[in-house]
file work16.txt (compact mmCIF, C-alpha atoms)
# COMPACT_ATOMS: atom_id res chain seq x y z
CA MET A 162 -1.04 -4.76 0.69
CA VAL A 163 2.04 -3.71 2.65
CA VAL A 164 3.67 -7.11 2.16
CA ALA A 165 2.96 -6.91 -1.58
CA ILE A 166 4.69 -3.49 -1.73
CA ILE A 167 7.73 -4.88 0.12
CA ILE A 168 7.97 -7.81 -2.30
CA VAL A 169 7.79 -5.49 -5.32
CA PHE A 170 10.77 -3.47 -4.02
CA GLU A 171 12.61 -6.69 -3.19
CA ASN A 172 11.98 -7.93 -6.70
CA ARG A 173 13.51 -4.77 -8.15
CA LEU A 174 16.65 -5.41 -6.08
CA LEU A 175 16.66 -9.09 -7.08
CA ILE A 176 16.87 -8.05 -10.73
CA MET A 177 20.00 -6.07 -9.88
CA ILE A 178 21.85 -8.64 -7.75
CA GLY A 179 20.94 -11.59 -9.97
CA SER A 180 22.39 -14.86 -8.69
CA ASN A 181 23.50 -13.74 -5.23
CA LYS A 182 23.64 -17.11 -3.47
CA TYR A 183 23.28 -15.66 0.05
CA TRP A 184 20.11 -13.73 -0.72
CA ASN A 185 18.68 -16.56 -2.84
CA TRP A 186 19.16 -18.89 0.14
CA PHE A 187 17.62 -16.42 2.61
CA ARG A 188 14.81 -15.22 0.31
CA ARG A 189 12.40 -18.15 0.65
CA PRO A 190 12.21 -18.19 4.47
CA TRP A 191 12.03 -14.38 4.35
CA LEU A 192 9.01 -14.57 2.05
CA VAL A 193 7.37 -17.26 4.22
CA VAL A 194 7.75 -15.08 7.33
CA HIS A 195 6.14 -12.11 5.58
CA PHE A 196 3.22 -14.21 4.33
CA ILE A 197 2.70 -15.56 7.86
CA VAL A 198 2.74 -12.04 9.33
CA ALA A 199 0.22 -10.87 6.73
CA THR A 200 -2.01 -13.85 7.60
CA ILE A 201 -1.95 -13.37 11.37
CA PHE A 202 -1.97 -9.55 11.33
CA PHE A 203 -5.57 -9.37 12.61
CA LEU A 204 -5.28 -12.39 14.89
CA PRO A 205 -4.74 -10.30 18.07
CA THR A 206 -7.96 -8.44 17.29
CA TYR A 207 -9.90 -11.70 17.09
CA LEU A 208 -8.31 -13.01 20.28
CA MET A 209 -9.12 -9.80 22.19
CA ILE A 210 -12.83 -9.58 21.36
CA PRO A 211 -14.43 -8.71 24.72
CA ASP A 212 -17.63 -9.94 26.34
CA GLN A 213 -20.31 -7.99 24.51
CA GLU A 214 -22.46 -7.16 27.53
CA SER A 215 -19.63 -5.53 29.48
CA ALA A 216 -18.21 -4.03 26.29
CA LYS A 217 -21.54 -2.38 25.41
CA ALA A 218 -21.80 -1.03 28.95
CA PHE A 219 -18.31 0.47 28.54
CA PHE A 220 -19.27 1.83 25.13
CA THR A 221 -22.36 3.49 26.63
CA GLN A 222 -20.19 4.98 29.37
CA ILE A 223 -17.70 6.63 27.02
CA SER A 224 -20.40 7.61 24.50
CA PRO A 225 -23.42 8.62 26.60
CA CYS A 226 -25.04 10.62 23.80
CA ILE A 227 -25.75 7.79 21.37
CA PRO A 228 -27.82 9.06 18.42
CA VAL A 229 -31.40 7.83 18.26
CA TYR A 230 -30.80 6.17 14.89
CA VAL A 231 -28.16 3.85 16.40
CA ASN A 232 -29.53 0.60 17.81
CA ALA A 233 -27.15 -0.11 20.69
CA ASP A 234 -28.26 -3.75 20.82
CA LEU A 235 -26.88 -4.29 17.31
CA VAL A 236 -23.52 -2.65 18.00
CA PHE A 237 -20.59 -5.09 17.98
CA VAL A 238 -17.58 -3.99 20.03
CA ALA A 239 -14.48 -5.52 18.48
CA VAL A 240 -11.92 -4.37 21.03
CA ILE A 241 -11.64 -2.25 24.15
CA GLU A 242 -7.90 -2.47 24.88
CA THR A 243 -6.57 -0.56 21.87
CA GLN A 244 -3.07 0.38 22.98
CA PHE A 245 -1.61 -3.11 22.46
CA LEU A 246 -3.13 -3.34 18.98
CA LEU A 247 -1.83 0.10 18.05
CA ARG A 248 1.66 -0.82 19.23
CA TRP A 249 1.45 -4.11 17.31
CA ALA A 250 0.37 -2.39 14.12
CA GLY A 251 2.83 0.47 14.58
CA THR A 252 5.75 -1.93 15.04
CA LEU A 253 4.87 -3.88 11.90
CA PHE A 254 4.37 -0.76 9.79
CA LEU A 255 7.66 0.71 11.02
CA GLY A 256 9.44 -2.52 10.11
CA ALA A 257 7.79 -2.50 6.69
CA PHE A 258 8.87 1.11 6.09
CA LEU A 259 12.48 0.27 7.01
CA GLU A 260 12.45 -2.71 4.63
CA ILE A 261 11.04 -0.65 1.76
CA TRP A 262 13.58 2.13 2.34
CA THR A 263 16.45 -0.39 2.55
CA PHE A 264 15.47 -2.13 -0.70
CA ALA A 265 15.03 1.20 -2.50
CA TYR A 266 18.41 2.45 -1.24
CA LEU A 267 20.25 -0.76 -2.17
CA THR A 268 18.61 -0.81 -5.60
CA ASP A 269 19.75 2.75 -6.28
CA ARG A 270 23.32 1.87 -5.22
CA MET A 271 23.31 -1.23 -7.44
CA LEU A 272 22.11 0.84 -10.38
CA GLY A 273 25.06 3.20 -9.87
CA LYS A 274 27.48 0.27 -9.87
CA GLN A 275 25.96 -1.23 -13.02
CA ILE A 276 26.95 1.76 -15.18
CA ASN A 277 29.58 0.73 -17.73
CA ARG A 278 29.50 -2.85 -16.47
CA THR A 279 26.50 -4.85 -17.57
CA MET A 280 24.16 -1.95 -18.35
CA SER A 281 24.47 1.17 -20.42
CA VAL A 282 23.88 4.61 -18.94
CA ARG A 283 20.57 4.78 -20.83
CA THR A 284 19.36 1.49 -19.34
CA VAL A 285 20.35 2.54 -15.83
CA GLU A 286 18.52 5.85 -16.23
CA LEU A 287 15.40 3.99 -17.36
CA HIS A 288 15.60 1.80 -14.24
CA ARG A 289 16.04 4.85 -12.04
CA LYS A 290 13.17 6.65 -13.73
CA PHE A 291 10.91 3.67 -13.12
CA GLN A 292 12.12 3.46 -9.51
CA ARG A 293 11.33 7.12 -8.85
CA ALA A 294 7.93 6.84 -10.53
CA PHE A 295 7.09 3.77 -8.48
CA ILE A 296 8.09 5.49 -5.23
CA VAL A 297 5.91 8.50 -6.11
CA GLN A 298 3.08 6.13 -7.00
CA LEU A 299 3.29 4.70 -3.48
CA LEU A 300 3.92 7.93 -1.59
CA ILE A 301 0.95 9.95 -2.84
CA PRO A 302 -1.76 7.49 -1.73
CA ILE A 303 0.14 6.84 1.53
CA LEU A 304 0.27 10.58 2.26
CA ILE A 305 -3.46 10.79 1.56
CA LEU A 306 -4.08 7.93 3.99
CA MET A 307 -1.93 9.41 6.77
CA ILE A 308 -4.65 11.82 7.95
CA PRO A 309 -7.42 9.22 8.52
CA VAL A 310 -4.93 6.73 9.98
CA ALA A 311 -3.61 9.36 12.39
CA TYR A 312 -7.17 10.24 13.39
CA VAL A 313 -8.01 6.58 14.03
CA GLY A 314 -4.93 6.19 16.21
CA VAL A 315 -5.64 9.33 18.24
CA SER A 316 -9.32 8.47 18.66
CA CYS A 317 -8.39 4.98 19.89
CA PHE A 318 -5.99 6.37 22.49
CA THR A 319 -8.36 9.09 23.70
CA PHE A 320 -11.65 7.16 23.22
CA TYR A 321 -12.98 10.06 21.18
CA HIS A 322 -16.00 9.20 19.04
CA ASN A 323 -17.38 11.26 16.17
CA GLN A 324 -19.46 9.26 13.72
CA ALA A 325 -19.27 11.84 10.93
CA ILE A 326 -15.47 11.96 11.04
CA ASN A 327 -15.37 8.16 11.31
CA ASN A 328 -17.41 7.85 8.11
CA ILE A 329 -15.13 10.29 6.27
CA ALA A 330 -12.03 8.42 7.48
CA ILE A 331 -13.43 5.07 6.30
CA ILE A 332 -14.32 6.54 2.89
CA ILE A 333 -10.77 7.89 2.45
CA LEU A 334 -9.19 4.61 3.59
CA SER A 335 -11.34 2.54 1.23
CA SER A 336 -10.43 4.79 -1.72
CA HIS A 337 -6.75 3.79 -1.59
CA GLY A 338 -7.09 1.66 -4.72
CA PHE A 339 -8.73 4.54 -6.60
CA PHE A 340 -5.93 6.98 -5.74
CA SER A 341 -3.25 4.39 -6.57
CA THR A 342 -4.80 3.75 -9.99
CA ILE A 343 -5.06 7.46 -10.84
CA VAL A 344 -1.46 8.11 -9.79
CA MET A 345 -0.24 5.07 -11.77
CA ILE A 346 -1.97 6.31 -14.94
CA CYS A 347 -0.62 9.85 -14.50
CA ILE A 348 2.98 8.85 -13.76
CA HIS A 349 3.69 5.86 -16.03
CA ALA A 350 3.66 6.93 -19.69
CA PRO A 351 2.65 3.51 -21.19
CA TYR A 352 -0.43 3.25 -18.95
CA ARG A 353 -1.29 6.90 -19.59
CA GLU A 354 -0.98 6.58 -23.36
CA PHE A 355 -2.98 3.36 -23.48
CA THR A 356 -5.74 4.83 -21.29
CA MET A 357 -5.98 7.92 -23.49
CA LEU A 358 -6.13 5.71 -26.57
CA VAL A 359 -8.95 3.60 -25.09
CA PHE A 360 -10.92 6.73 -24.17
CA SER A 361 -10.42 8.20 -27.63
CA VAL A 362 -11.71 4.99 -29.23
CA ALA A 363 -14.69 4.96 -26.85
CA VAL A 364 -15.53 8.60 -27.63
CA ARG A 365 -15.34 8.04 -31.39
CA PHE A 366 -17.41 4.88 -31.10
CA GLY A 367 -20.00 6.76 -29.02
CA HIS A 368 -20.22 9.46 -31.66
CA GLY A 369 -20.75 6.88 -34.37
CA GLU A 370 -17.44 7.48 -36.12
CA ASN A 371 -15.52 4.83 -37.99
CA THR A 372 -13.15 3.38 -35.40
CA SER A 373 -10.92 1.91 -38.11
CA SER A 374 -9.47 5.39 -38.57
CA VAL A 375 -7.94 5.24 -35.11
CA GLY A 376 -5.09 3.13 -36.34
CA PRO A 377 -3.19 0.29 -34.71
CA LEU A 378 -1.80 0.45 -31.19
CA ARG A 379 1.69 1.83 -31.02
CA SER A 380 4.22 -0.91 -30.57
CA HIS A 381 5.83 0.57 -27.46
CA ILE A 382 2.63 0.60 -25.41
CA VAL A 383 2.74 -1.99 -22.64
CA THR A 384 -0.56 -3.45 -21.46

call {"tool": "encode", "arguments": {"input": "work16.txt", "output": "structure tokens"}}
result
Amino acid sequence: MVVAIIIVFENRLLIMIGSNKYWNWFRRPWLVVHFIVATIFFLPTYLMIPDQESAKAFFTQISPCIPVYVNADLVFVAVIETQFLLRWAGTLFLGAFLEIWTFAYLTDRMLGKQINRTMSVRTVELHRKFQRAFIVQLLIPILILMIPVAYVGVSCFTFYHNQAINNIAIIILSSHGFFSTIVMICIHAPYREFTMLVFSVAVRFGHGENTSSVGPLRSHIVT
């Protein structure tokens, strides 16, 4: 997901710089490296899976009050040494953040330079409006995810275990797609208008009204 976000911002910059021979030459190996990193991101976790007998003994030691509904024999301990994995993940996410910020900054500068050259002021403003909307679309779900991610990191460092909070954190993390979709519909006018049109057609159809009275889709709606 993070690599996909980086590529989207890179693509926005690519539209601005066009046929820059240096970036076009560097872009393919850059993409290959990112795809490789995305593929091997969880490889350290697989390589560090501990012996389950000793790992379960360690798990019982740090969590002596295991609830009766938990069958300890069925528990799978994925990793004990968490600090290396947290540093690995933190380094990659920091690098991803710096790349996203760099692409967004360069795109904004290129938009400023395009005024009165190859683009009109109106076109540049449309690009900037889309850029701001896209950044907000990314920031809101990321801000929502920061709390459970921070809790997971702290709990890994301190070996704190609370099953109820773990369940809540997993629910929030797995709802990233839901939050992203809602924010996208609210921010981008074409998606919002099309969604409202679909719901209005569904409501009229459910009430048994003649849907032909809805009228054709407006030509500026992008699906």

call {"tool": "atom_distance", "arguments": {"input": "work16.txt", "atom1": "atom CA of A:Ile303", "atom2": "atom CA of A:Leu334"}}
result
9.8 Å

call {"tool": "closest_residue", "arguments": {"input": "work16.txt", "among": "A:Leu306, A:Leu358, A:Ala330, A:Ile261", "to": "A:Val169", "atoms": "all atoms listed in the file"}}
result
A:Ile261

call {"tool": "atom_distance", "arguments": {"input": "work16.txt", "atom1": "atom CA of A:Ala257", "atom2": "atom CA of A:Leu174"}}
result
15.8 Å

call {"tool": "atom_distance", "arguments": {"input": "work16.txt", "atom1": "atom CA of A:Thr221", "atom2": "atom CA of A:Gly251"}}
result
28.1 Å

call {"tool": "closest_residue", "arguments": {"input": "work16.txt", "among": "A:Ile178, A:Met162, A:Ala239, A:Val362", "to": "A:Leu267", "atoms": "all atoms listed in the file"}}
result
A:Ile178

call {"tool": "residues_around", "arguments": {"input": "work16.txt", "residues": "A:Ala218", "least_positions_apart": "5", "cutoff": "12 Å", "atoms": "all atoms listed in the file", "output": "list of chain:residue names"}}
result
A:Pro211, A:Asp212, A:Gln213, A:Ile223, A:Ser224, A:Pro225, A:Ala233, A:Asp234, A:Val236, A:Phe237, A:Val238, A:Ile241

call {"tool": "write_last_selection", "arguments": {"input": "work16.txt", "atoms": "C-alpha atoms", "output": "PDB file, in the coordinates of the input"}}
result
ATOM      1  CA  PRO A 211     -14.430  -8.710  24.720  1.00  0.00           C
ATOM      2  CA  ASP A 212     -17.630  -9.940  26.340  1.00  0.00           C
ATOM      3  CA  GLN A 213     -20.310  -7.990  24.510  1.00  0.00           C
ATOM      4  CA  ILE A 223     -17.700   6.630  27.020  1.00  0.00           C
ATOM      5  CA  SER A 224     -20.400   7.610  24.500  1.00  0.00           C
ATOM      6  CA  PRO A 225     -23.420   8.620  26.600  1.00  0.00           C
ATOM      7  CA  ALA A 233     -27.150  -0.110  20.690  1.00  0.00           C
ATOM      8  CA  ASP A 234     -28.260  -3.750  20.820  1.00  0.00           C
ATOM      9  CA  VAL A 236     -23.520  -2.650  18.000  1.00  0.00           C
ATOM     10  CA  PHE A 237     -20.590  -5.090  17.980  1.00  0.00           C
ATOM     11  CA  VAL A 238     -17.580  -3.990  20.030  1.00  0.00           C
ATOM     12  CA  ILE A 241     -11.640  -2.250  24.150  1.00  0.00           C
TER      13      ILE A 241
END

call {"tool": "residues_around", "arguments": {"input": "work16.txt", "residues": "A:Ala199", "least_positions_apart": "4", "cutoff": "12 Å", "atoms": "all atoms listed in the file", "output": "PyMOL selection string"}}
result
chain A and resi 162-165+167+192-195+203-204+250+253-254+257

call {"tool": "residues_around", "arguments": {"input": "work16.txt", "residues": "A:His288", "least_positions_apart": "6", "cutoff": "12 Å", "atoms": "all atoms listed in the file", "output": "ChimeraX atom specification"}}
result
/A:173-174,176-177,265,268-273,275-276,280-282,294-295

call {"tool": "closest_residue", "arguments": {"input": "work16.txt", "among": "A:Trp184, A:Phe264, A:Trp191, A:Phe318", "to": "A:Glu242", "atoms": "all atoms listed in the file"}}
result
A:Phe318

call {"tool": "residues_near_point", "arguments": {"input": "work16.txt", "point": "(-9.7, 3.2, 1.5)", "cutoff": "12 Å", "atoms": "all atoms listed in the file", "output": "NGL selection string"}}
result
:A and (162 or 302-303 or 305-310 or 328-341)

call {"tool": "closest_residue", "arguments": {"input": "work16.txt", "among": "A:Thr342, A:Asn172, A:Thr200, A:Asn232", "to": "A:Ile301", "atoms": "all atoms listed in the file"}}
result
A:Thr342
